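Reproduced below: protein_27.cif, with mmCIF, C-alpha atoms and all ligand atoms.
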data_start
#
loop_
_atom_site.label_atom_id
_atom_site.label_comp_id
_atom_site.auth_asym_id
_atom_site.auth_seq_id
_atom_site.Cartn_x
_atom_site.Cartn_y
_atom_site.Cartn_z
CA MET A 1 2.81 -0.74 6.65
CA LYS A 2 3.53 2.07 4.20
CA THR A 3 3.98 5.51 5.75
CA LYS A 4 2.00 8.37 4.30
CA ALA A 5 2.57 11.74 5.92
CA ILE A 6 0.49 14.91 5.85
CA TYR A 7 1.90 18.32 6.72
CA PRO A 8 -1.21 20.40 7.49
CA GLY A 9 -1.39 24.13 8.14
CA SER A 10 -2.57 27.54 7.02
CA PHE A 11 0.65 28.46 5.14
CA ASP A 12 -0.50 32.09 4.88
CA PRO A 13 2.16 32.43 3.45
CA ILE A 14 4.70 29.57 3.43
CA THR A 15 7.93 30.63 5.20
CA PHE A 16 11.49 29.36 5.60
CA GLY A 17 10.27 27.80 8.87
CA HIS A 18 7.78 25.60 7.00
CA LEU A 19 10.43 24.78 4.38
CA ASP A 20 12.96 23.86 7.08
CA LEU A 21 10.50 21.30 8.44
CA LEU A 22 9.74 20.04 4.99
CA LYS A 23 13.41 19.40 4.21
CA ARG A 24 13.71 17.41 7.43
CA SER A 25 10.52 15.50 6.60
CA CYS A 26 11.79 14.56 3.12
CA LYS A 27 14.64 12.68 4.82
CA LEU A 28 12.17 10.69 6.92
CA PHE A 29 9.15 10.09 4.67
CA ASP A 30 8.78 9.14 0.99
CA ASP A 31 5.16 10.19 0.66
CA ILE A 32 4.37 13.71 1.92
CA THR A 33 1.31 15.84 1.22
CA ILE A 34 1.20 19.47 2.24
CA ALA A 35 -2.46 20.06 3.10
CA VAL A 36 -3.70 23.64 3.24
CA VAL A 37 -6.53 24.11 5.72
CA VAL A 38 -9.64 25.78 4.35
CA ASN A 39 -10.98 27.58 7.39
CA PRO A 40 -13.90 29.95 6.70
CA HIS A 41 -13.68 31.29 10.29
CA LYS A 42 -10.05 32.39 10.02
CA LYS A 43 -9.48 35.45 7.87
CA ALA A 44 -6.50 34.76 5.64
CA LEU A 45 -4.39 37.20 3.62
CA PHE A 46 -4.08 34.83 0.65
CA THR A 47 -6.86 32.65 -0.79
CA VAL A 48 -6.41 28.91 -0.55
CA GLU A 49 -5.76 28.75 -4.31
CA GLU A 50 -3.08 31.45 -4.00
CA ARG A 51 -1.47 29.61 -1.09
CA VAL A 52 -1.41 26.32 -2.99
CA ALA A 53 0.20 28.03 -6.01
CA MET A 54 2.77 29.75 -3.76
CA ILE A 55 3.66 26.46 -2.04
CA LYS A 56 4.11 24.83 -5.47
CA LYS A 57 6.60 27.51 -6.47
CA ALA A 58 8.44 27.52 -3.14
CA THR A 59 8.85 23.72 -3.03
CA LYS A 60 10.10 23.23 -6.58
CA GLY A 61 12.98 20.77 -6.36
CA TYR A 62 11.91 19.29 -3.05
CA GLY A 63 11.27 15.87 -4.56
CA ASN A 64 8.03 14.03 -4.36
CA ILE A 65 5.75 16.37 -2.41
CA LYS A 66 2.04 16.64 -3.14
CA ILE A 67 -0.02 19.71 -2.37
CA ASP A 68 -3.69 19.55 -1.49
CA LYS A 69 -6.32 21.43 0.49
CA PHE A 70 -8.91 20.20 2.96
CA ASP A 71 -11.72 21.42 5.15
CA GLY A 72 -13.31 19.90 8.21
CA LEU A 73 -11.51 17.63 10.64
CA LEU A 74 -7.89 16.73 10.00
CA VAL A 75 -8.57 13.14 11.08
CA ASP A 76 -11.31 12.80 8.44
CA TYR A 77 -8.94 14.06 5.78
CA ALA A 78 -6.23 11.66 7.04
CA LYS A 79 -8.69 8.75 6.81
CA LYS A 80 -9.73 9.81 3.31
CA VAL A 81 -6.18 9.90 1.94
CA LYS A 82 -5.07 6.92 4.08
CA ALA A 83 -2.38 8.88 5.92
CA ASN A 84 -0.93 7.60 9.17
CA VAL A 85 1.50 10.38 10.11
CA ILE A 86 0.89 14.08 10.73
CA ILE A 87 3.90 16.39 10.63
CA ARG A 88 3.82 19.47 12.84
CA GLY A 89 6.44 21.96 13.98
CA LEU A 90 7.36 23.07 17.46
CA ARG A 91 8.66 26.58 17.84
CA ALA A 92 9.83 28.14 21.13
CA ILE A 93 7.45 26.97 23.85
CA ALA A 94 4.31 28.65 22.54
CA ASP A 95 3.25 25.74 20.29
CA PHE A 96 3.61 23.00 22.86
CA GLU A 97 0.39 23.20 24.85
CA TYR A 98 -1.91 23.47 21.81
CA GLU A 99 -0.08 20.73 19.89
CA PHE A 100 -0.07 18.40 22.91
CA GLN A 101 -3.85 18.76 23.19
CA MET A 102 -4.42 18.32 19.44
CA ALA A 103 -2.21 15.22 19.31
CA LEU A 104 -4.18 13.48 22.03
CA VAL A 105 -7.56 14.53 20.64
CA ASN A 106 -6.62 13.42 17.13
CA ARG A 107 -5.37 10.10 18.41
CA SER A 108 -8.54 9.49 20.36
CA LEU A 109 -10.56 10.25 17.21
CA TYR A 110 -8.43 8.08 14.93
CA LYS A 111 -6.08 5.55 16.55
CA PRO A 112 -3.80 4.73 13.58
CA LEU A 113 -2.70 8.35 13.37
CA ASP A 114 0.65 9.43 14.83
CA MET A 115 1.90 12.98 15.13
CA VAL A 116 5.56 13.70 14.43
CA TYR A 117 6.93 16.97 15.80
CA MET A 118 10.03 18.67 14.57
CA MET A 119 12.05 21.66 15.70
CA PRO A 120 13.33 24.02 13.01
CA SER A 121 16.84 25.48 12.84
CA VAL A 122 17.28 27.96 15.63
CA GLU A 123 17.04 30.99 13.31
CA TYR A 124 13.46 30.02 12.41
CA THR A 125 12.30 29.30 15.96
CA TYR A 126 10.57 32.65 16.23
CA LEU A 127 9.30 32.80 12.66
CA SER A 128 5.58 32.64 11.89
CA SER A 129 3.39 33.50 8.92
CA SER A 130 1.63 36.13 11.02
CA ILE A 131 4.85 38.04 11.78
CA VAL A 132 5.75 37.88 8.07
CA ARG A 133 2.34 39.33 7.17
CA GLU A 134 2.78 42.09 9.75
CA VAL A 135 6.28 43.08 8.62
CA ALA A 136 5.23 43.00 4.95
CA ALA A 137 2.13 45.12 5.64
CA LEU A 138 4.35 47.76 7.22
CA GLY A 139 6.71 47.76 4.24
CA GLY A 140 9.54 45.83 5.92
CA ASP A 141 12.01 43.49 4.21
CA VAL A 142 10.84 39.88 4.58
CA SER A 143 13.49 38.29 2.35
CA LYS A 144 15.16 36.66 5.38
CA PHE A 145 11.89 34.92 6.23
CA VAL A 146 10.40 33.74 2.92
CA PRO A 147 11.72 32.69 -0.52
CA ALA A 148 12.04 35.36 -3.24
CA CYS A 149 8.87 34.20 -5.05
CA ILE A 150 6.87 34.72 -1.84
CA VAL A 151 8.42 38.17 -1.30
CA GLU A 152 6.99 39.08 -4.71
CA SER A 153 3.55 37.62 -3.91
CA LEU A 154 3.48 39.61 -0.66
CA LYS A 155 4.42 42.84 -2.46
CA GLU A 156 1.64 42.28 -5.01
CA LYS A 157 -0.90 41.46 -2.31
CA MET A 158 0.02 44.49 -0.20
CA LYS A 159 -0.45 46.77 -3.22
CA ASN A 160 -4.00 45.49 -3.52
CA VAL A 161 -5.02 45.40 0.14
CA CYS A 162 -3.34 48.56 1.43
P1 LIG B 201 -1.54 26.48 11.67
O1 LIG B 201 -2.55 27.57 11.50
O2 LIG B 201 -2.08 25.09 11.49
O3 LIG B 201 -0.64 26.60 12.87
P2 LIG B 201 0.77 27.30 10.15
O4 LIG B 201 0.90 27.48 8.69
O5 LIG B 201 0.97 28.50 11.00
O6 LIG B 201 -0.65 26.65 10.36
O7 LIG B 201 1.73 26.17 10.64
C1 LIG B 201 1.68 24.86 10.13
C2 LIG B 201 2.68 24.01 10.91
O8 LIG B 201 3.98 24.47 10.65
C3 LIG B 201 2.48 24.09 12.43
O9 LIG B 201 2.77 22.82 12.98
C4 LIG B 201 3.51 25.07 12.87
O10 LIG B 201 3.94 24.83 14.19
C5 LIG B 201 4.62 24.78 11.88
N1 LIG B 201 5.46 25.96 11.70
C6 LIG B 201 5.13 27.17 11.24
N2 LIG B 201 6.19 28.01 11.26
C7 LIG B 201 7.22 27.28 11.76
C8 LIG B 201 8.58 27.56 12.08
N3 LIG B 201 9.11 28.77 11.93
N4 LIG B 201 9.32 26.57 12.58
C9 LIG B 201 8.80 25.35 12.78
N5 LIG B 201 7.52 25.00 12.54
C10 LIG B 201 6.75 25.96 12.03
#
Transcribe the structure of this file into C-alpha cells.
Ligand code: ADP
Amino acid sequence: MKTKAIYPGSFDPITFGHLDLLKRSCKLFDDITIAVVVNPHKKALFTVEERVAMIKKATKGYGNIKIDKFDGLLVDYAKKVKANVIIRGLRAIADFEYEFQMALVNRSLYKPLDMVYMMPSVEYTYLSSSIVREVAALGGDVSKFVPACIVESLKEKMKNVC
C-alpha cells in the first residue's frame, strides 16, 4: 500500500523545530502534506493564508511537499485525502500525554491511520511557536528559532499588532 503522510499543526509560525521534523520525514516518506489546522476557537497571530504562504517560503527546496489547510476532525481530513500516516513531534516530556491520547482516539475513529512520532535535534527540544511569538512580541531576536523569511514576517506582524 502506498504511504501518504500528513504533518498537521497550527504552524503559527513555522519554526526550525517543525523544519527539523520535516527533513526527517522527507527521508521516510515520498508523499507529505503539511496541513494547517483552521481552528476558530484558537486565537492565532497569523491568518491561515499567511501561515500557508510562510510555510511555502520556508520549505522551498524541501522536495515534494504539499501544503494544505483543513478544519474539523483530523481523521476526516485524512480519509478525504487518503492519508494513512500522521507525523507528529515529541518535545521534552510535555507533548507525550496529549499525543498518546490523540493517537489512540484517532486510531479508534479511523483504523487505517498510524501516527509516527519524531524527536527533533536536541537544540529544538524546547522550541515552540508560542515561545517564538512571545520573544518576538517583546522585541527579542528570534533568528535562532525561525528562518530569515519568518523573522521578517514576525517583524511586520508585530508592527501592526503592537
Ligand atoms: P499543534 O497546535 O497541533 O500542536 P504546532 O504547530 O504547535 O501545532 O505543532 C505541530 C506539530 O509539530 C506537533 O506535533 C508538535 O509536537 C510538533 N512540533 C512543534 N515544534 C516542535 C519542535 N520544536 N520539535 C519537535 N516537534 C515540534
Taking only C-alpha atoms and all ligand atoms into account, list the residues no farther than 7 Å from ligand LIG 201 (chain B), as a tab-separated table (two decimals) with C-alpha atoms, keeping the file's coordinate frame.
chain	number	residue	atom	x	y	z
A	8	PRO	CA	-1.21	20.40	7.49
A	9	GLY	CA	-1.39	24.13	8.14
A	10	SER	CA	-2.57	27.54	7.02
A	11	PHE	CA	0.65	28.46	5.14
A	12	ASP	CA	-0.50	32.09	4.88
A	14	ILE	CA	4.70	29.57	3.43
A	15	THR	CA	7.93	30.63	5.20
A	16	PHE	CA	11.49	29.36	5.60
A	17	GLY	CA	10.27	27.80	8.87
A	18	HIS	CA	7.78	25.60	7.00
A	21	LEU	CA	10.50	21.30	8.44
A	87	ILE	CA	3.90	16.39	10.63
A	88	ARG	CA	3.82	19.47	12.84
A	89	GLY	CA	6.44	21.96	13.98
A	90	LEU	CA	7.36	23.07	17.46
A	91	ARG	CA	8.66	26.58	17.84
A	95	ASP	CA	3.25	25.74	20.29
A	119	MET	CA	12.05	21.66	15.70
A	120	PRO	CA	13.33	24.02	13.01
A	124	TYR	CA	13.46	30.02	12.41
A	125	THR	CA	12.30	29.30	15.96
A	126	TYR	CA	10.57	32.65	16.23
A	127	LEU	CA	9.30	32.80	12.66
A	128	SER	CA	5.58	32.64	11.89
A	129	SER	CA	3.39	33.50	8.92
Point to revise | Residue contacts of Gly140 in chain A (12 Å, only C-alpha atoms) excluding same-chain residues fewer than 3 positions away, as number ranges by chain | key: A: 131-137, 143-145, 151, 154-155, 158
Review point. Counting all atoms listed in the file, which of A:Val142, A:Ser121, A:Tyr7, A:Gly63 gets nearest to Tyr77 in chain A?
Key: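 Ranking A:Val142, A:Ser121, A:Tyr7, A:Gly63 by distance to Tyr77 in chain A, first place goes to A:Tyr7.
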Check your understanding: Can you tell me how far CA of Ile67 in chain A sits from CA of Asp30 in chain A, in Å to one decimal?
Key ->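 Separation of CA of Ile67 in chain A and CA of Asp30 in chain A: 14.2 Å.
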Practice item. To one decimal in Å, tell me the separation between CA of Met115 in chain A and CA of Gln101 in chain A. Key: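 Interatomic distance, CA of Met115 in chain A to CA of Gln101 in chain A: 11.5 Å.
Checking A:Ala44, A:Leu138, A:Ala53, A:Val38 one by one against Lys66 in chain A, counting only C-alpha atoms, you find the shortest gap at A:Ala53.
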